[in-house]
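Before any comments, here is the structure.
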Amino acid sequence: MAKYTHEQLCLFAQPASETEETKLERAIEAVKRALGNSDIILSDKYEIFGQGSYANNTNVRNNSDVDINVCYTATYYYELPKGKTKDDYGFSGNVQYSYSEFKNDIERMLVAYFGRNNVIRKNKCIHIQENTYRTEIDVVPTWEHRTYIGENNDPYNFYRGVKLWSDDGEEVINYPKQHKNNGINKNTNTQKRYKRLVRILKNVNIKMADSGFYKNINITSFLIECLMYNYPNNALATSIYDWNSILQDVIRYFWNKTREDCYDWYQFLENSEFLYLMIKHKWDRSDVHEFMTKLWIFLEY
């Protein structure tokens with residue numbers, strides 16, 4: 001008999017409670033107020049939006065922090081098609097304000113509003129600590145990033161993403177808006193099961209860690225969400241609505257795809273569909289394969 005009933009797994013599938021949702025909404029408003037007195041933020045050269053589990057509606061109960069992207073749009077980083085130069089596009093490259101200055105400015109404004117003791121600068125974000133009124137917040141300062149495409153040097157033909165530099169010098173480019181939109185589409189195309197499946201697996205991963213059965217820091221919330229994005233829609237939108245049956249099929253699928261003699265995992269994509277999931281990340285094939293094995297054992301299949 002499986003460890004959890006279908007009904008128990010349905011509880012795991014639920015989003016954060018209304019109380020938690022209220023705390024999350026308050027956190028976003030608090031950051032907007034904190035940044036509201038800045039000459040940068042008061043201009044039309046910025047955008048503030050949610051990203052991560054909360055924005056994507058895959059956050060789970062009692063484990064929901066908020067990721068807020070503060071994106072500077074007065075200038076941008078760019079990537080050109082192979083063989084093209086900035087002169088082909090008429091780019092001057094003269095920028096008077098740097099990304100590091102922008103991150104420092106964001107940190108200074110957050111400290112002024114929340115207090116130094118509540119604000120912690122991290123490698124890729126600025127963390128605001130939780131209190132009884134708000135949940136934890138990770139503020140992610142980014143700059144707009146444009147990936148130009150085509151051969152006719154069209155300055156309006158590009159994919160828009162965001163870019164940051166970590167304090168230790170790592171370049172990070174991602175596409176949070178495309179990630180969110182593609183997740184919404186997949187959820188619609190799978191009878192609303194995609195996001196429920198993600199929440200179930202996130203909750204089971206927490207249960208495994210809390211019980212001392214299994215914990216792997218490489219198995220992140222982001223990885224779980226993106227892995228399930230790679231599960232075929234027609235398999236998830238099955239007429240059989242039993243979560244234990246669905247989970248068994250999911251585990252078998254990814255266990256087989258991540259065997260040593262199988263290379264299908266190379267093609268797994270992040271939800272944005274612009275980046276490969278299994279390349280240039282801290283996790284690898286063996287992490288996912290082991291995770292699937294542990295899930296099967298823990299769930300008593």
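Residues in the structure tokens are named by chain (A, B, ... in the order shown) and by number from 1 within that chain; ligands are numbered from 1 in the order shown.
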
Using DSSP assignments from the backbone, pull out every residue in region 154-289 of chain A that falls under strand (DSSP E or B) and give it to me as a count of residues only. 14

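The list of residues with at least one atom within 6 Å of region 196-211 of chain A, based on only C-alpha atoms and without residues fewer than 2 positions apart in the same chain, reads Phe12, Ala13, Thr58, Val60, Arg193, Tyr194, Phe213, Tyr214, Lys215 and Glu225 of chain A.
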
Could you check the closest approach to Phe158 (chain A) for each of A:Asn234, A:Asp249, A:Leu227, A:Glu79 and tell me which residue wins, using only C-alpha atoms?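 For Phe158 (chain A), the nearest of the candidates is A:Glu79.
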
Which residues, written as number ranges by chain, have at least one atom at most 10 Å from Met292 (chain A), with only C-alpha atoms counted and residues fewer than 2 positions away on the same chain left out? A: 248, 250-256, 258, 286-290, 294-298

Shell of 9 Å around region 124-131 of chain A, only C-alpha atoms, local chain residues under 6 positions omitted, as a JSON list (two decimals) with N, CA, C and O atoms, in the first residue's frame:
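The resulting file, result.json, is shown below:
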```json
[["chain", "number", "residue", "atom", "x", "y", "z"],
["A", 65, "ASP", "N", 8.66, 31.65, 0.40],
["A", 65, "ASP", "CA", 9.28, 32.95, 0.41],
["A", 65, "ASP", "C", 8.96, 33.63, -0.92],
["A", 65, "ASP", "O", 8.49, 33.00, -1.85],
["A", 103, "LYS", "N", 22.89, 47.50, -7.78],
["A", 103, "LYS", "CA", 22.65, 46.61, -6.66],
["A", 103, "LYS", "C", 22.95, 47.30, -5.33],
["A", 103, "LYS", "O", 22.20, 47.14, -4.36],
["A", 106, "ILE", "N", 20.02, 49.59, -4.53],
["A", 106, "ILE", "CA", 18.86, 48.84, -4.06],
["A", 106, "ILE", "C", 19.06, 48.42, -2.60],
["A", 106, "ILE", "O", 18.16, 48.56, -1.77],
["A", 107, "GLU", "N", 20.25, 47.92, -2.29],
["A", 107, "GLU", "CA", 20.53, 47.52, -0.91],
["A", 107, "GLU", "C", 20.39, 48.71, 0.04],
["A", 107, "GLU", "O", 19.78, 48.58, 1.12],
["A", 110, "LEU", "N", 16.73, 49.50, 0.71],
["A", 110, "LEU", "CA", 16.08, 48.48, 1.54],
["A", 110, "LEU", "C", 16.51, 48.60, 2.99],
["A", 110, "LEU", "O", 15.69, 48.45, 3.91],
["A", 114, "PHE", "N", 13.82, 48.97, 5.91],
["A", 114, "PHE", "CA", 13.60, 47.81, 6.78],
["A", 114, "PHE", "C", 14.55, 47.77, 7.97],
["A", 114, "PHE", "O", 14.28, 47.04, 8.94],
["A", 117, "ASN", "N", 19.48, 45.42, 10.45],
["A", 117, "ASN", "CA", 19.39, 44.09, 11.04],
["A", 117, "ASN", "C", 18.45, 43.16, 10.29],
["A", 117, "ASN", "O", 18.51, 41.94, 10.45],
["A", 118, "ASN", "N", 17.57, 43.72, 9.47],
["A", 118, "ASN", "CA", 16.60, 42.91, 8.74],
["A", 118, "ASN", "C", 16.98, 42.67, 7.29],
["A", 118, "ASN", "O", 16.24, 41.99, 6.57],
["A", 137, "ILE", "N", 11.70, 37.62, 2.09],
["A", 137, "ILE", "CA", 11.73, 38.19, 0.74],
["A", 137, "ILE", "C", 13.16, 38.13, 0.21],
["A", 137, "ILE", "O", 14.10, 38.50, 0.92],
["A", 138, "ASP", "N", 13.31, 37.70, -1.01],
["A", 138, "ASP", "CA", 14.57, 37.82, -1.74],
["A", 138, "ASP", "C", 14.37, 38.82, -2.86],
["A", 138, "ASP", "O", 13.60, 38.58, -3.81],
["A", 139, "VAL", "N", 15.02, 39.97, -2.75],
["A", 139, "VAL", "CA", 14.97, 40.99, -3.79],
["A", 139, "VAL", "C", 16.14, 40.75, -4.75],
["A", 139, "VAL", "O", 17.30, 40.72, -4.33],
["A", 140, "VAL", "N", 15.82, 40.57, -6.02],
["A", 140, "VAL", "CA", 16.84, 40.23, -7.02],
["A", 140, "VAL", "C", 17.03, 41.41, -7.97],
["A", 140, "VAL", "O", 16.21, 41.65, -8.85],
["A", 141, "PRO", "N", 18.10, 42.18, -7.80],
["A", 141, "PRO", "CA", 18.36, 43.28, -8.74],
["A", 141, "PRO", "C", 18.88, 42.72, -10.07],
["A", 141, "PRO", "O", 19.81, 41.90, -10.10],
["A", 164, "LEU", "N", 21.97, 39.26, -14.21],
["A", 164, "LEU", "CA", 22.61, 39.76, -13.00],
["A", 164, "LEU", "C", 24.04, 39.25, -12.93],
["A", 164, "LEU", "O", 24.39, 38.27, -13.60],
["A", 165, "TRP", "N", 24.82, 39.93, -12.12],
["A", 165, "TRP", "CA", 26.16, 39.46, -11.78],
["A", 165, "TRP", "C", 26.17, 39.18, -10.28],
["A", 165, "TRP", "O", 25.84, 40.05, -9.48],
["A", 166, "SER", "N", 26.53, 37.97, -9.92],
["A", 166, "SER", "CA", 26.65, 37.66, -8.49],
["A", 166, "SER", "C", 27.85, 38.39, -7.91],
["A", 166, "SER", "O", 28.74, 38.83, -8.64],
["A", 167, "ASP", "N", 27.87, 38.52, -6.60],
["A", 167, "ASP", "CA", 28.97, 39.21, -5.96],
["A", 167, "ASP", "C", 30.31, 38.50, -6.17],
["A", 167, "ASP", "O", 31.37, 39.13, -6.09],
["A", 168, "ASP", "N", 30.24, 37.19, -6.43],
["A", 168, "ASP", "CA", 31.50, 36.47, -6.69],
["A", 168, "ASP", "C", 31.81, 36.39, -8.18],
["A", 168, "ASP", "O", 32.69, 35.63, -8.60],
["A", 170, "GLU", "N", 29.77, 35.65, -10.99],
["A", 170, "GLU", "CA", 29.07, 34.77, -11.92],
["A", 170, "GLU", "C", 28.01, 35.54, -12.71],
["A", 170, "GLU", "O", 27.24, 36.32, -12.15],
["A", 172, "VAL", "N", 24.56, 35.55, -14.68],
["A", 172, "VAL", "CA", 23.32, 34.76, -14.68],
["A", 172, "VAL", "C", 22.31, 35.44, -15.59],
["A", 172, "VAL", "O", 21.99, 36.62, -15.41]]
```

Give me, please, the distance in Å between CA of Ala16 (chain A) and CA of Met1 (chain A), quoted to one decimal.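 Value for the CA of Ala16 (chain A)-CA of Met1 (chain A) distance: 28.3 Å.
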
The residue from A:Trp265, A:Tyr301, A:Phe222, A:Trp243 with the smallest atom-to-atom distance to Lys282 (chain A), counting only C-alpha atoms, is A:Phe222

Do a neighbour search on Glu47 (chain A) at 7 Å with only C-alpha atoms, toss out local chain neighbours closer than 5 positions, and write the hits as a list in words.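 After dropping sequence-adjacent residues, the list is Val70, Cys71 and Tyr72 of chain A.
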
Taking only C-alpha atoms into account, which of A:Tyr97, A:Tyr89, A:Tyr113, A:Tyr175 comes nearest Asp154 (chain A)?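 Of all the options, A:Tyr89 lies closest to Asp154 (chain A).
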
Using only C-alpha atoms, can you tell me which of A:Ile240, A:Ile173, A:Cys262, A:Ala30 comes closest to Met109 (chain A)?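 Smallest separation from Met109 (chain A) among the options: A:Ala30.
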
Residue among A:Gln8, A:Asn271, A:Ala34, A:Asn216 lying closest to Asp105 (chain A), counting only C-alpha atoms: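 With only C-alpha atoms as the atom set, the closest residue is A:Ala34.
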
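CA of Leu236 (chain A) is positioned 16.7 Å from CA of Phe268 (chain A).
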
Quick one: distance from CA of His179 (chain A) to CA of Leu277 (chain A) in Å, one decimal? 12.3 Å

DSSP on the backbone, then: every residue of region 79-206 of chain A marked alpha helix (DSSP H), written as a ChimeraX atom specification. /A:86-89,99-114,176-189,193-206

Export, as a tab-separated table (two decimals), in the first residue's frame, the selected residues with N, CA and C atoms.
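Now in result34.tsv:
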```
chain	number	residue	atom	x	y	z
A	86	LYS	N	28.48	45.15	-32.46
A	86	LYS	CA	27.63	46.24	-31.97
A	86	LYS	C	27.50	47.35	-33.01
A	87	ASP	N	28.50	47.49	-33.86
A	87	ASP	CA	28.42	48.50	-34.91
A	87	ASP	C	27.32	48.17	-35.91
A	88	ASP	N	27.09	46.89	-36.15
A	88	ASP	CA	26.01	46.49	-37.07
A	88	ASP	C	24.66	46.97	-36.57
A	89	TYR	N	24.54	47.08	-35.26
A	89	TYR	CA	23.27	47.49	-34.66
A	89	TYR	C	23.26	48.94	-34.20
A	99	TYR	N	26.00	47.83	-13.17
A	99	TYR	CA	25.13	46.90	-12.44
A	99	TYR	C	25.47	46.89	-10.95
A	100	SER	N	26.75	46.88	-10.61
A	100	SER	CA	27.14	46.83	-9.20
A	100	SER	C	26.65	48.07	-8.45
A	101	GLU	N	26.67	49.25	-9.11
A	101	GLU	CA	26.14	50.46	-8.50
A	101	GLU	C	24.63	50.33	-8.27
A	102	PHE	N	23.95	49.73	-9.23
A	102	PHE	CA	22.50	49.53	-9.11
A	102	PHE	C	22.18	48.63	-7.92
A	103	LYS	N	22.89	47.50	-7.78
A	103	LYS	CA	22.65	46.61	-6.66
A	103	LYS	C	22.95	47.30	-5.33
A	104	ASN	N	24.02	48.08	-5.30
A	104	ASN	CA	24.34	48.83	-4.08
A	104	ASN	C	23.23	49.82	-3.73
A	105	ASP	N	22.68	50.48	-4.74
A	105	ASP	CA	21.60	51.44	-4.51
A	105	ASP	C	20.36	50.74	-3.96
A	106	ILE	N	20.02	49.59	-4.53
A	106	ILE	CA	18.86	48.84	-4.06
A	106	ILE	C	19.06	48.42	-2.60
A	107	GLU	N	20.25	47.92	-2.29
A	107	GLU	CA	20.53	47.52	-0.91
A	107	GLU	C	20.39	48.71	0.04
A	108	ARG	N	20.93	49.84	-0.34
A	108	ARG	CA	20.88	51.02	0.53
A	108	ARG	C	19.43	51.44	0.81
A	109	MET	N	18.59	51.39	-0.20
A	109	MET	CA	17.18	51.78	-0.01
A	109	MET	C	16.43	50.78	0.88
A	110	LEU	N	16.73	49.50	0.71
A	110	LEU	CA	16.08	48.48	1.54
A	110	LEU	C	16.51	48.60	2.99
A	111	VAL	N	17.79	48.88	3.23
A	111	VAL	CA	18.28	49.07	4.60
A	111	VAL	C	17.61	50.28	5.25
A	112	ALA	N	17.46	51.36	4.48
A	112	ALA	CA	16.85	52.58	5.01
A	112	ALA	C	15.41	52.33	5.43
A	113	TYR	N	14.72	51.44	4.73
A	113	TYR	CA	13.30	51.19	5.02
A	113	TYR	C	13.11	50.09	6.06
A	114	PHE	N	13.82	48.97	5.91
A	114	PHE	CA	13.60	47.81	6.78
A	114	PHE	C	14.55	47.77	7.97
A	176	PRO	N	12.33	35.07	-16.60
A	176	PRO	CA	11.26	34.75	-15.65
A	176	PRO	C	9.85	34.95	-16.21
A	177	LYS	N	9.66	35.91	-17.09
A	177	LYS	CA	8.31	36.13	-17.63
A	177	LYS	C	7.90	35.00	-18.58
A	178	GLN	N	8.83	34.56	-19.41
A	178	GLN	CA	8.53	33.44	-20.29
A	178	GLN	C	8.31	32.17	-19.48
A	179	HIS	N	9.10	32.01	-18.42
A	179	HIS	CA	8.93	30.86	-17.52
A	179	HIS	C	7.51	30.83	-16.97
A	180	LYS	N	7.04	31.98	-16.49
A	180	LYS	CA	5.70	32.06	-15.91
A	180	LYS	C	4.63	31.77	-16.95
A	181	ASN	N	4.73	32.38	-18.10
A	181	ASN	CA	3.70	32.21	-19.14
A	181	ASN	C	3.65	30.77	-19.65
A	182	ASN	N	4.81	30.15	-19.83
A	182	ASN	CA	4.83	28.76	-20.31
A	182	ASN	C	4.26	27.81	-19.27
A	183	GLY	N	4.50	28.12	-17.99
A	183	GLY	CA	3.92	27.29	-16.93
A	183	GLY	C	2.40	27.39	-16.91
A	184	ILE	N	1.89	28.59	-17.13
A	184	ILE	CA	0.43	28.77	-17.19
A	184	ILE	C	-0.15	27.96	-18.34
A	185	ASN	N	0.51	28.01	-19.49
A	185	ASN	CA	0.02	27.26	-20.66
A	185	ASN	C	0.05	25.76	-20.43
A	186	LYS	N	1.12	25.28	-19.81
A	186	LYS	CA	1.21	23.84	-19.55
A	186	LYS	C	0.13	23.41	-18.56
A	187	ASN	N	-0.11	24.23	-17.56
A	187	ASN	CA	-1.14	23.90	-16.58
A	187	ASN	C	-2.51	23.80	-17.27
A	188	THR	N	-2.78	24.73	-18.16
A	188	THR	CA	-4.05	24.70	-18.90
A	188	THR	C	-4.16	23.45	-19.76
A	189	ASN	N	-3.04	23.06	-20.37
A	189	ASN	CA	-3.04	21.92	-21.30
A	189	ASN	C	-2.97	20.56	-20.61
A	193	ARG	N	-3.18	20.00	-13.89
A	193	ARG	CA	-2.44	19.02	-13.06
A	193	ARG	C	-0.96	19.35	-12.92
A	194	TYR	N	-0.42	20.13	-13.85
A	194	TYR	CA	1.03	20.41	-13.81
A	194	TYR	C	1.43	21.06	-12.49
A	195	LYS	N	0.80	22.15	-12.10
A	195	LYS	CA	1.20	22.86	-10.89
A	195	LYS	C	0.87	22.06	-9.64
A	196	ARG	N	-0.20	21.28	-9.68
A	196	ARG	CA	-0.51	20.41	-8.54
A	196	ARG	C	0.58	19.35	-8.37
A	197	LEU	N	1.02	18.79	-9.49
A	197	LEU	CA	2.09	17.79	-9.44
A	197	LEU	C	3.37	18.40	-8.86
A	198	VAL	N	3.70	19.60	-9.28
A	198	VAL	CA	4.90	20.27	-8.76
A	198	VAL	C	4.80	20.46	-7.25
A	199	ARG	N	3.63	20.91	-6.79
A	199	ARG	CA	3.47	21.11	-5.34
A	199	ARG	C	3.56	19.80	-4.57
A	200	ILE	N	2.98	18.75	-5.12
A	200	ILE	CA	3.07	17.44	-4.45
A	200	ILE	C	4.52	17.03	-4.29
A	201	LEU	N	5.30	17.13	-5.35
A	201	LEU	CA	6.70	16.69	-5.29
A	201	LEU	C	7.53	17.59	-4.38
A	202	LYS	N	7.24	18.87	-4.36
A	202	LYS	CA	7.94	19.76	-3.43
A	202	LYS	C	7.63	19.37	-1.98
A	203	ASN	N	6.37	19.09	-1.70
A	203	ASN	CA	5.99	18.69	-0.35
A	203	ASN	C	6.60	17.35	0.04
A	204	VAL	N	6.61	16.39	-0.88
A	204	VAL	CA	7.22	15.09	-0.58
A	204	VAL	C	8.72	15.26	-0.34
A	205	ASN	N	9.36	16.12	-1.12
A	205	ASN	CA	10.79	16.37	-0.91
A	205	ASN	C	11.04	16.94	0.49
A	206	ILE	N	10.17	17.83	0.94
A	206	ILE	CA	10.28	18.37	2.30
A	206	ILE	C	10.07	17.27	3.34
```

Name the closest residue to Lys23 (chain A) among the candidates A:Asn56, A:Thr5, A:Thr142, A:Thr132; distances are taken between atoms, counting only C-alpha atoms.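 Answer, going by the shortest atom-to-atom distance: A:Thr132.
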
Spatial neighbours of Gly50 (chain A), 8 Å, only C-alpha atoms, chain gap at least 2 places, as a list in words: Ile28, Ile48, Gly52, Tyr54, Ala55, Val66, Asp67, Ile68 and Asn69 of chain A
